[in-house]
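Notes for the one structure printed next.
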Amino acid sequence: MVEIAPLTVAGIDLATGTTPRAGHVDGKPVTLANAASQVRLSLRARDSALLAGALGRALPDRIGSHADGVARLGPDEWYALLPEGTPVPDAGGQPVSVVDVSSRAVGFTVIGPGAVAALTRGCPLDLAQFTPGRATRTLFETVEIQIWTLAPDEFHIEVWRSFAPWLWHAIAEGIV
């Protein structure tokens, strides 16, 4: 059973860390850091070919996977993490939705042999079974997040900006 420990700071005092937090979880090294600034797009379409054309890149076919900066989260839902400065594509009247959510969400990276242990403290998924290329929406304790597996011991976490300070501290509390 996962044991949830209370944070040792008051909610009003929470702020997202500005420097990486390095240490150990279960004796394994891990680092929590802010992800690089990126353009974040929420994408919807019934016809994935139309959306791929508007975006100018191939879309992952399988729900729960990511490739080339795009994760497929549902049958008609994708989420893109693109390099800073990438222009928001114009769908040109096509029946697709391309919404810039860069101001809504932020990202963290959790890297190292202790990354799985750091994240499973609050996430119900068996992240040890997540191979690179997996991406899904899930919870960390009670906060909705996205987890992208970049390497066996490297994860990218997306969270709404308003929950980011809490999530940062919830993950960092387990790193000693």
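In the structure tokens, chains take letters A, B, ... by order of appearance, with residues numbered from 1 within each chain and ligands from 1 in the order shown.
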**Message:** At a cut-off of 8 Å, using only C-alpha atoms, what residues contact Tyr79 of chain A? Leave out same-chain residues fewer than 4 positions from it and give the result as an NGL selection string.
**Reply:** :A and (40-43 or 70-73)
**Asked** as a list of chain:residue names, which residues of segment 74-133 of chain A does DSSP assign to helix (DSSP H, G or I)?
**Response** A:Ala115, A:Val116, A:Ala117, A:Ala118, A:Leu119, A:Thr120, A:Leu127, A:Ala128, A:Gln129
Output as a PDB file with N, CA, C and O atoms, in the first residue's frame all residues of segment 25-170 of chain A that backbone DSSP marks as strand (DSSP E or B).
ATOM      1  N   VAL A  25      15.951   8.289  -3.508  1.00  0.00           N
ATOM      2  CA  VAL A  25      14.686   7.684  -3.097  1.00  0.00           C
ATOM      3  C   VAL A  25      14.946   6.188  -3.042  1.00  0.00           C
ATOM      4  O   VAL A  25      15.436   5.605  -4.011  1.00  0.00           O
ATOM      5  N   LYS A  28      18.318   5.117  -4.214  1.00  0.00           N
ATOM      6  CA  LYS A  28      18.690   5.294  -5.624  1.00  0.00           C
ATOM      7  C   LYS A  28      18.690   6.777  -5.973  1.00  0.00           C
ATOM      8  O   LYS A  28      17.777   7.503  -5.600  1.00  0.00           O
ATOM      9  N   PRO A  29      19.697   7.247  -6.738  1.00  0.00           N
ATOM     10  CA  PRO A  29      19.765   8.671  -7.078  1.00  0.00           C
ATOM     11  C   PRO A  29      18.622   9.105  -8.002  1.00  0.00           C
ATOM     12  O   PRO A  29      18.182   8.346  -8.867  1.00  0.00           O
ATOM     13  N   VAL A  30      18.156  10.343  -7.767  1.00  0.00           N
ATOM     14  CA  VAL A  30      17.083  10.908  -8.583  1.00  0.00           C
ATOM     15  C   VAL A  30      17.204  12.429  -8.556  1.00  0.00           C
ATOM     16  O   VAL A  30      17.669  12.995  -7.559  1.00  0.00           O
ATOM     17  N   THR A  31      16.797  13.061  -9.645  1.00  0.00           N
ATOM     18  CA  THR A  31      16.789  14.516  -9.734  1.00  0.00           C
ATOM     19  C   THR A  31      15.438  14.974 -10.257  1.00  0.00           C
ATOM     20  O   THR A  31      14.943  14.467 -11.267  1.00  0.00           O
ATOM     21  N   LEU A  32      14.860  15.951  -9.569  1.00  0.00           N
ATOM     22  CA  LEU A  32      13.627  16.617  -9.985  1.00  0.00           C
ATOM     23  C   LEU A  32      14.030  17.992 -10.485  1.00  0.00           C
ATOM     24  O   LEU A  32      14.738  18.725  -9.792  1.00  0.00           O
ATOM     25  N   ALA A  33      13.590  18.356 -11.692  1.00  0.00           N
ATOM     26  CA  ALA A  33      13.953  19.655 -12.264  1.00  0.00           C
ATOM     27  C   ALA A  33      12.803  20.200 -13.095  1.00  0.00           C
ATOM     28  O   ALA A  33      11.934  19.452 -13.545  1.00  0.00           O
ATOM     29  N   ASN A  34      12.822  21.507 -13.286  1.00  0.00           N
ATOM     30  CA  ASN A  34      11.864  22.117 -14.197  1.00  0.00           C
ATOM     31  C   ASN A  34      12.245  21.734 -15.622  1.00  0.00           C
ATOM     32  O   ASN A  34      13.424  21.695 -15.963  1.00  0.00           O
ATOM     33  N   GLN A  38       8.479  25.231 -23.233  1.00  0.00           N
ATOM     34  CA  GLN A  38       7.987  24.623 -24.464  1.00  0.00           C
ATOM     35  C   GLN A  38       6.641  25.214 -24.850  1.00  0.00           C
ATOM     36  O   GLN A  38       5.944  25.797 -24.019  1.00  0.00           O
ATOM     37  N   VAL A  39       6.283  25.020 -26.107  1.00  0.00           N
ATOM     38  CA  VAL A  39       4.939  25.332 -26.571  1.00  0.00           C
ATOM     39  C   VAL A  39       4.099  24.090 -26.311  1.00  0.00           C
ATOM     40  O   VAL A  39       4.481  22.979 -26.685  1.00  0.00           O
ATOM     41  N   ARG A  40       2.963  24.281 -25.654  1.00  0.00           N
ATOM     42  CA  ARG A  40       2.073  23.176 -25.310  1.00  0.00           C
ATOM     43  C   ARG A  40       0.768  23.358 -26.064  1.00  0.00           C
ATOM     44  O   ARG A  40       0.133  24.401 -25.956  1.00  0.00           O
ATOM     45  N   LEU A  41       0.368  22.331 -26.800  1.00  0.00           N
ATOM     46  CA  LEU A  41      -0.853  22.409 -27.583  1.00  0.00           C
ATOM     47  C   LEU A  41      -1.802  21.283 -27.205  1.00  0.00           C
ATOM     48  O   LEU A  41      -1.394  20.115 -27.134  1.00  0.00           O
ATOM     49  N   SER A  42      -3.051  21.642 -26.971  1.00  0.00           N
ATOM     50  CA  SER A  42      -4.109  20.653 -26.800  1.00  0.00           C
ATOM     51  C   SER A  42      -4.728  20.466 -28.183  1.00  0.00           C
ATOM     52  O   SER A  42      -5.123  21.437 -28.832  1.00  0.00           O
ATOM     53  N   LEU A  43      -4.798  19.225 -28.631  1.00  0.00           N
ATOM     54  CA  LEU A  43      -5.214  18.923 -30.004  1.00  0.00           C
ATOM     55  C   LEU A  43      -6.391  17.959 -30.003  1.00  0.00           C
ATOM     56  O   LEU A  43      -6.372  16.967 -29.282  1.00  0.00           O
ATOM     57  N   ARG A  44      -7.374  18.249 -30.851  1.00  0.00           N
ATOM     58  CA  ARG A  44      -8.530  17.359 -30.977  1.00  0.00           C
ATOM     59  C   ARG A  44      -8.917  17.249 -32.451  1.00  0.00           C
ATOM     60  O   ARG A  44      -8.895  18.241 -33.172  1.00  0.00           O
ATOM     61  N   ALA A  45      -9.299  16.055 -32.846  1.00  0.00           N
ATOM     62  CA  ALA A  45      -9.775  15.837 -34.215  1.00  0.00           C
ATOM     63  C   ALA A  45     -10.360  14.437 -34.322  1.00  0.00           C
ATOM     64  O   ALA A  45      -9.859  13.506 -33.709  1.00  0.00           O
ATOM     65  N   SER A  65       0.642   6.549 -26.111  1.00  0.00           N
ATOM     66  CA  SER A  65       2.005   6.607 -26.631  1.00  0.00           C
ATOM     67  C   SER A  65       2.349   8.042 -27.025  1.00  0.00           C
ATOM     68  O   SER A  65       1.470   8.883 -27.174  1.00  0.00           O
ATOM     69  N   HIS A  66       3.654   8.284 -27.197  1.00  0.00           N
ATOM     70  CA  HIS A  66       4.102   9.587 -27.694  1.00  0.00           C
ATOM     71  C   HIS A  66       5.238   9.389 -28.677  1.00  0.00           C
ATOM     72  O   HIS A  66       5.988   8.410 -28.599  1.00  0.00           O
ATOM     73  N   ALA A  67       5.329  10.314 -29.624  1.00  0.00           N
ATOM     74  CA  ALA A  67       6.406  10.316 -30.607  1.00  0.00           C
ATOM     75  C   ALA A  67       6.516  11.714 -31.194  1.00  0.00           C
ATOM     76  O   ALA A  67       5.499  12.395 -31.391  1.00  0.00           O
ATOM     77  N   VAL A  70       4.506  14.573 -29.574  1.00  0.00           N
ATOM     78  CA  VAL A  70       3.043  14.510 -29.506  1.00  0.00           C
ATOM     79  C   VAL A  70       2.623  13.225 -28.803  1.00  0.00           C
ATOM     80  O   VAL A  70       3.094  12.137 -29.149  1.00  0.00           O
ATOM     81  N   ALA A  71       1.730  13.358 -27.820  1.00  0.00           N
ATOM     82  CA  ALA A  71       1.187  12.194 -27.107  1.00  0.00           C
ATOM     83  C   ALA A  71      -0.265  12.004 -27.508  1.00  0.00           C
ATOM     84  O   ALA A  71      -1.007  12.973 -27.668  1.00  0.00           O
ATOM     85  N   ARG A  72      -0.650  10.746 -27.673  1.00  0.00           N
ATOM     86  CA  ARG A  72      -2.057  10.435 -27.926  1.00  0.00           C
ATOM     87  C   ARG A  72      -2.689  10.032 -26.596  1.00  0.00           C
ATOM     88  O   ARG A  72      -2.345   9.003 -26.022  1.00  0.00           O
ATOM     89  N   LEU A  73      -3.628  10.861 -26.133  1.00  0.00           N
ATOM     90  CA  LEU A  73      -4.251  10.645 -24.839  1.00  0.00           C
ATOM     91  C   LEU A  73      -5.620   9.987 -24.932  1.00  0.00           C
ATOM     92  O   LEU A  73      -6.131   9.474 -23.930  1.00  0.00           O
ATOM     93  N   GLY A  74      -6.233  10.015 -26.089  1.00  0.00           N
ATOM     94  CA  GLY A  74      -7.563   9.434 -26.256  1.00  0.00           C
ATOM     95  C   GLY A  74      -7.841   9.194 -27.729  1.00  0.00           C
ATOM     96  O   GLY A  74      -6.995   9.463 -28.581  1.00  0.00           O
ATOM     97  N   GLU A  77      -7.894  12.744 -29.064  1.00  0.00           N
ATOM     98  CA  GLU A  77      -7.192  13.750 -28.258  1.00  0.00           C
ATOM     99  C   GLU A  77      -5.689  13.505 -28.253  1.00  0.00           C
ATOM    100  O   GLU A  77      -5.223  12.396 -27.988  1.00  0.00           O
ATOM    101  N   TRP A  78      -4.945  14.574 -28.530  1.00  0.00           N
ATOM    102  CA  TRP A  78      -3.487  14.562 -28.503  1.00  0.00           C
ATOM    103  C   TRP A  78      -3.009  15.767 -27.712  1.00  0.00           C
ATOM    104  O   TRP A  78      -3.754  16.729 -27.509  1.00  0.00           O
ATOM    105  N   TYR A  79      -1.762  15.725 -27.283  1.00  0.00           N
ATOM    106  CA  TYR A  79      -1.139  16.828 -26.547  1.00  0.00           C
ATOM    107  C   TYR A  79       0.267  16.948 -27.100  1.00  0.00           C
ATOM    108  O   TYR A  79       0.991  15.954 -27.187  1.00  0.00           O
ATOM    109  N   ALA A  80       0.654  18.161 -27.478  1.00  0.00           N
ATOM    110  CA  ALA A  80       1.972  18.368 -28.080  1.00  0.00           C
ATOM    111  C   ALA A  80       2.866  19.197 -27.177  1.00  0.00           C
ATOM    112  O   ALA A  80       2.424  20.180 -26.585  1.00  0.00           O
ATOM    113  N   LEU A  81       4.115  18.797 -27.089  1.00  0.00           N
ATOM    114  CA  LEU A  81       5.185  19.555 -26.432  1.00  0.00           C
ATOM    115  C   LEU A  81       6.203  19.879 -27.516  1.00  0.00           C
ATOM    116  O   LEU A  81       6.922  18.991 -27.980  1.00  0.00           O
ATOM    117  N   LEU A  82       6.219  21.127 -27.944  1.00  0.00           N
ATOM    118  CA  LEU A  82       7.057  21.532 -29.062  1.00  0.00           C
ATOM    119  C   LEU A  82       8.091  22.550 -28.611  1.00  0.00           C
ATOM    120  O   LEU A  82       7.896  23.234 -27.601  1.00  0.00           O
ATOM    121  N   PRO A  83       9.188  22.682 -29.350  1.00  0.00           N
ATOM    122  CA  PRO A  83      10.239  23.624 -28.946  1.00  0.00           C
ATOM    123  C   PRO A  83       9.710  25.055 -28.815  1.00  0.00           C
ATOM    124  O   PRO A  83       8.820  25.475 -29.565  1.00  0.00           O
ATOM    125  N   VAL A  96     -10.671  20.593 -36.964  1.00  0.00           N
ATOM    126  CA  VAL A  96      -9.734  20.179 -35.919  1.00  0.00           C
ATOM    127  C   VAL A  96      -9.640  21.310 -34.899  1.00  0.00           C
ATOM    128  O   VAL A  96      -9.972  22.457 -35.204  1.00  0.00           O
ATOM    129  N   SER A  97      -9.180  20.984 -33.713  1.00  0.00           N
ATOM    130  CA  SER A  97      -8.981  21.980 -32.671  1.00  0.00           C
ATOM    131  C   SER A  97      -7.512  21.989 -32.283  1.00  0.00           C
ATOM    132  O   SER A  97      -6.955  20.952 -31.921  1.00  0.00           O
ATOM    133  N   VAL A  98      -6.888  23.158 -32.380  1.00  0.00           N
ATOM    134  CA  VAL A  98      -5.499  23.355 -31.985  1.00  0.00           C
ATOM    135  C   VAL A  98      -5.499  24.530 -31.015  1.00  0.00           C
ATOM    136  O   VAL A  98      -5.739  25.667 -31.414  1.00  0.00           O
ATOM    137  N   VAL A  99      -5.259  24.254 -29.722  1.00  0.00           N
ATOM    138  CA  VAL A  99      -5.331  25.290 -28.701  1.00  0.00           C
ATOM    139  C   VAL A  99      -3.994  25.372 -27.973  1.00  0.00           C
ATOM    140  O   VAL A  99      -3.493  24.371 -27.463  1.00  0.00           O
ATOM    141  N   ASP A 100      -3.440  26.577 -27.928  1.00  0.00           N
ATOM    142  CA  ASP A 100      -2.191  26.809 -27.199  1.00  0.00           C
ATOM    143  C   ASP A 100      -2.508  26.868 -25.707  1.00  0.00           C
ATOM    144  O   ASP A 100      -3.223  27.754 -25.246  1.00  0.00           O
ATOM    145  N   ALA A 105      -0.119  25.091 -18.410  1.00  0.00           N
ATOM    146  CA  ALA A 105       0.608  23.935 -17.884  1.00  0.00           C
ATOM    147  C   ALA A 105       2.104  24.206 -17.786  1.00  0.00           C
ATOM    148  O   ALA A 105       2.638  25.085 -18.457  1.00  0.00           O
ATOM    149  N   VAL A 106       2.753  23.429 -16.943  1.00  0.00           N
ATOM    150  CA  VAL A 106       4.208  23.456 -16.810  1.00  0.00           C
ATOM    151  C   VAL A 106       4.693  22.017 -16.763  1.00  0.00           C
ATOM    152  O   VAL A 106       3.912  21.086 -16.536  1.00  0.00           O
ATOM    153  N   GLY A 107       5.987  21.852 -16.954  1.00  0.00           N
ATOM    154  CA  GLY A 107       6.546  20.509 -16.946  1.00  0.00           C
ATOM    155  C   GLY A 107       7.708  20.363 -15.985  1.00  0.00           C
ATOM    156  O   GLY A 107       8.415  21.328 -15.691  1.00  0.00           O
ATOM    157  N   PHE A 108       7.861  19.141 -15.483  1.00  0.00           N
ATOM    158  CA  PHE A 108       8.990  18.762 -14.635  1.00  0.00           C
ATOM    159  C   PHE A 108       9.628  17.529 -15.252  1.00  0.00           C
ATOM    160  O   PHE A 108       8.972  16.759 -15.951  1.00  0.00           O
ATOM    161  N   THR A 109      10.894  17.318 -14.959  1.00  0.00           N
ATOM    162  CA  THR A 109      11.544  16.059 -15.303  1.00  0.00           C
ATOM    163  C   THR A 109      11.947  15.374 -14.009  1.00  0.00           C
ATOM    164  O   THR A 109      12.322  16.025 -13.035  1.00  0.00           O
ATOM    165  N   VAL A 110      11.836  14.068 -14.015  1.00  0.00           N
ATOM    166  CA  VAL A 110      12.282  13.241 -12.896  1.00  0.00           C
ATOM    167  C   VAL A 110      13.208  12.208 -13.523  1.00  0.00           C
ATOM    168  O   VAL A 110      12.770  11.395 -14.343  1.00  0.00           O
ATOM    169  N   ILE A 111      14.494  12.296 -13.159  1.00  0.00           N
ATOM    170  CA  ILE A 111      15.517  11.515 -13.848  1.00  0.00           C
ATOM    171  C   ILE A 111      16.384  10.770 -12.840  1.00  0.00           C
ATOM    172  O   ILE A 111      16.762  11.327 -11.814  1.00  0.00           O
ATOM    173  N   ARG A 134       5.832   5.728 -23.883  1.00  0.00           N
ATOM    174  CA  ARG A 134       4.510   5.715 -23.245  1.00  0.00           C
ATOM    175  C   ARG A 134       4.168   7.097 -22.726  1.00  0.00           C
ATOM    176  O   ARG A 134       5.036   7.829 -22.258  1.00  0.00           O
ATOM    177  N   ALA A 135       2.907   7.455 -22.778  1.00  0.00           N
ATOM    178  CA  ALA A 135       2.412   8.722 -22.225  1.00  0.00           C
ATOM    179  C   ALA A 135       0.957   8.519 -21.837  1.00  0.00           C
ATOM    180  O   ALA A 135       0.195   7.899 -22.585  1.00  0.00           O
ATOM    181  N   THR A 136       0.590   9.022 -20.674  1.00  0.00           N
ATOM    182  CA  THR A 136      -0.786   8.866 -20.235  1.00  0.00           C
ATOM    183  C   THR A 136      -1.162   9.959 -19.244  1.00  0.00           C
ATOM    184  O   THR A 136      -0.294  10.572 -18.628  1.00  0.00           O
ATOM    185  N   ARG A 137      -2.435  10.153 -19.121  1.00  0.00           N
ATOM    186  CA  ARG A 137      -2.976  11.038 -18.088  1.00  0.00           C
ATOM    187  C   ARG A 137      -3.269  10.157 -16.880  1.00  0.00           C
ATOM    188  O   ARG A 137      -3.796   9.062 -17.014  1.00  0.00           O
ATOM    189  N   THR A 138      -2.911  10.638 -15.696  1.00  0.00           N
ATOM    190  CA  THR A 138      -3.136   9.880 -14.471  1.00  0.00           C
ATOM    191  C   THR A 138      -3.221  10.859 -13.305  1.00  0.00           C
ATOM    192  O   THR A 138      -3.377  12.058 -13.505  1.00  0.00           O
ATOM    193  N   LEU A 139      -3.091  10.337 -12.112  1.00  0.00           N
ATOM    194  CA  LEU A 139      -3.110  11.166 -10.909  1.00  0.00           C
ATOM    195  C   LEU A 139      -1.802  11.000 -10.151  1.00  0.00           C
ATOM    196  O   LEU A 139      -1.193   9.933 -10.158  1.00  0.00           O
ATOM    197  N   PHE A 140      -1.403  12.064  -9.476  1.00  0.00           N
ATOM    198  CA  PHE A 140      -0.386  11.981  -8.440  1.00  0.00           C
ATOM    199  C   PHE A 140      -1.121  12.410  -7.187  1.00  0.00           C
ATOM    200  O   PHE A 140      -1.513  13.578  -7.065  1.00  0.00           O
ATOM    201  N   VAL A 143      -3.971  15.016  -7.793  1.00  0.00           N
ATOM    202  CA  VAL A 143      -3.746  15.996  -8.848  1.00  0.00           C
ATOM    203  C   VAL A 143      -3.600  15.299 -10.196  1.00  0.00           C
ATOM    204  O   VAL A 143      -2.821  14.353 -10.328  1.00  0.00           O
ATOM    205  N   GLU A 144      -4.336  15.788 -11.199  1.00  0.00           N
ATOM    206  CA  GLU A 144      -4.223  15.221 -12.540  1.00  0.00           C
ATOM    207  C   GLU A 144      -2.904  15.651 -13.177  1.00  0.00           C
ATOM    208  O   GLU A 144      -2.532  16.828 -13.141  1.00  0.00           O
ATOM    209  N   ILE A 145      -2.195  14.673 -13.737  1.00  0.00           N
ATOM    210  CA  ILE A 145      -0.921  14.927 -14.412  1.00  0.00           C
ATOM    211  C   ILE A 145      -0.876  14.099 -15.687  1.00  0.00           C
ATOM    212  O   ILE A 145      -1.698  13.215 -15.909  1.00  0.00           O
ATOM    213  N   GLN A 146       0.102  14.401 -16.512  1.00  0.00           N
ATOM    214  CA  GLN A 146       0.475  13.527 -17.618  1.00  0.00           C
ATOM    215  C   GLN A 146       1.891  13.037 -17.328  1.00  0.00           C
ATOM    216  O   GLN A 146       2.730  13.808 -16.868  1.00  0.00           O
ATOM    217  N   ILE A 147       2.135  11.773 -17.600  1.00  0.00           N
ATOM    218  CA  ILE A 147       3.479  11.206 -17.465  1.00  0.00           C
ATOM    219  C   ILE A 147       3.906  10.719 -18.837  1.00  0.00           C
ATOM    220  O   ILE A 147       3.196   9.944 -19.478  1.00  0.00           O
ATOM    221  N   TRP A 148       5.055  11.195 -19.278  1.00  0.00           N
ATOM    222  CA  TRP A 148       5.672  10.754 -20.531  1.00  0.00           C
ATOM    223  C   TRP A 148       6.962  10.016 -20.165  1.00  0.00           C
ATOM    224  O   TRP A 148       7.817  10.576 -19.480  1.00  0.00           O
ATOM    225  N   THR A 149       7.111   8.780 -20.592  1.00  0.00           N
ATOM    226  CA  THR A 149       8.341   8.036 -20.336  1.00  0.00           C
ATOM    227  C   THR A 149       9.308   8.323 -21.478  1.00  0.00           C
ATOM    228  O   THR A 149       9.039   7.976 -22.633  1.00  0.00           O
ATOM    229  N   LEU A 150      10.419   8.974 -21.150  1.00  0.00           N
ATOM    230  CA  LEU A 150      11.416   9.335 -22.156  1.00  0.00           C
ATOM    231  C   LEU A 150      12.522   8.294 -22.253  1.00  0.00           C
ATOM    232  O   LEU A 150      13.100   8.084 -23.318  1.00  0.00           O
ATOM    233  N   ALA A 151      12.840   7.665 -21.137  1.00  0.00           N
ATOM    234  CA  ALA A 151      13.853   6.604 -21.041  1.00  0.00           C
ATOM    235  C   ALA A 151      13.457   5.768 -19.830  1.00  0.00           C
ATOM    236  O   ALA A 151      12.599   6.176 -19.057  1.00  0.00           O
ATOM    237  N   GLU A 154      13.772   8.075 -16.948  1.00  0.00           N
ATOM    238  CA  GLU A 154      13.563   9.499 -17.227  1.00  0.00           C
ATOM    239  C   GLU A 154      12.102   9.743 -17.601  1.00  0.00           C
ATOM    240  O   GLU A 154      11.589   9.158 -18.561  1.00  0.00           O
ATOM    241  N   PHE A 155      11.463  10.621 -16.837  1.00  0.00           N
ATOM    242  CA  PHE A 155      10.047  10.921 -17.039  1.00  0.00           C
ATOM    243  C   PHE A 155       9.842  12.426 -17.173  1.00  0.00           C
ATOM    244  O   PHE A 155      10.521  13.211 -16.509  1.00  0.00           O
ATOM    245  N   HIS A 156       8.895  12.780 -18.015  1.00  0.00           N
ATOM    246  CA  HIS A 156       8.446  14.174 -18.125  1.00  0.00           C
ATOM    247  C   HIS A 156       7.040  14.214 -17.531  1.00  0.00           C
ATOM    248  O   HIS A 156       6.194  13.385 -17.884  1.00  0.00           O
ATOM    249  N   ILE A 157       6.797  15.165 -16.645  1.00  0.00           N
ATOM    250  CA  ILE A 157       5.499  15.311 -15.990  1.00  0.00           C
ATOM    251  C   ILE A 157       4.897  16.643 -16.423  1.00  0.00           C
ATOM    252  O   ILE A 157       5.550  17.679 -16.315  1.00  0.00           O
ATOM    253  N   GLU A 158       3.663  16.626 -16.895  1.00  0.00           N
ATOM    254  CA  GLU A 158       2.906  17.840 -17.207  1.00  0.00           C
ATOM    255  C   GLU A 158       1.837  18.017 -16.146  1.00  0.00           C
ATOM    256  O   GLU A 158       1.159  17.052 -15.772  1.00  0.00           O
ATOM    257  N   VAL A 159       1.679  19.245 -15.666  1.00  0.00           N
ATOM    258  CA  VAL A 159       0.676  19.542 -14.641  1.00  0.00           C
ATOM    259  C   VAL A 159       0.174  20.961 -14.869  1.00  0.00           C
ATOM    260  O   VAL A 159       0.905  21.813 -15.371  1.00  0.00           O
ATOM    261  N   TRP A 160      -1.064  21.205 -14.488  1.00  0.00           N
ATOM    262  CA  TRP A 160      -1.595  22.557 -14.580  1.00  0.00           C
ATOM    263  C   TRP A 160      -0.794  23.464 -13.654  1.00  0.00           C
ATOM    264  O   TRP A 160      -0.431  23.082 -12.535  1.00  0.00           O
TER     265      TRP A 160
END
**Request:** Measuring atom to atom with only C-alpha atoms, identify which of A:Ala49, A:Val88, A:Ile171, A:Val176 is nearest to Ser102 of chain A.
**Result:** A:Val88
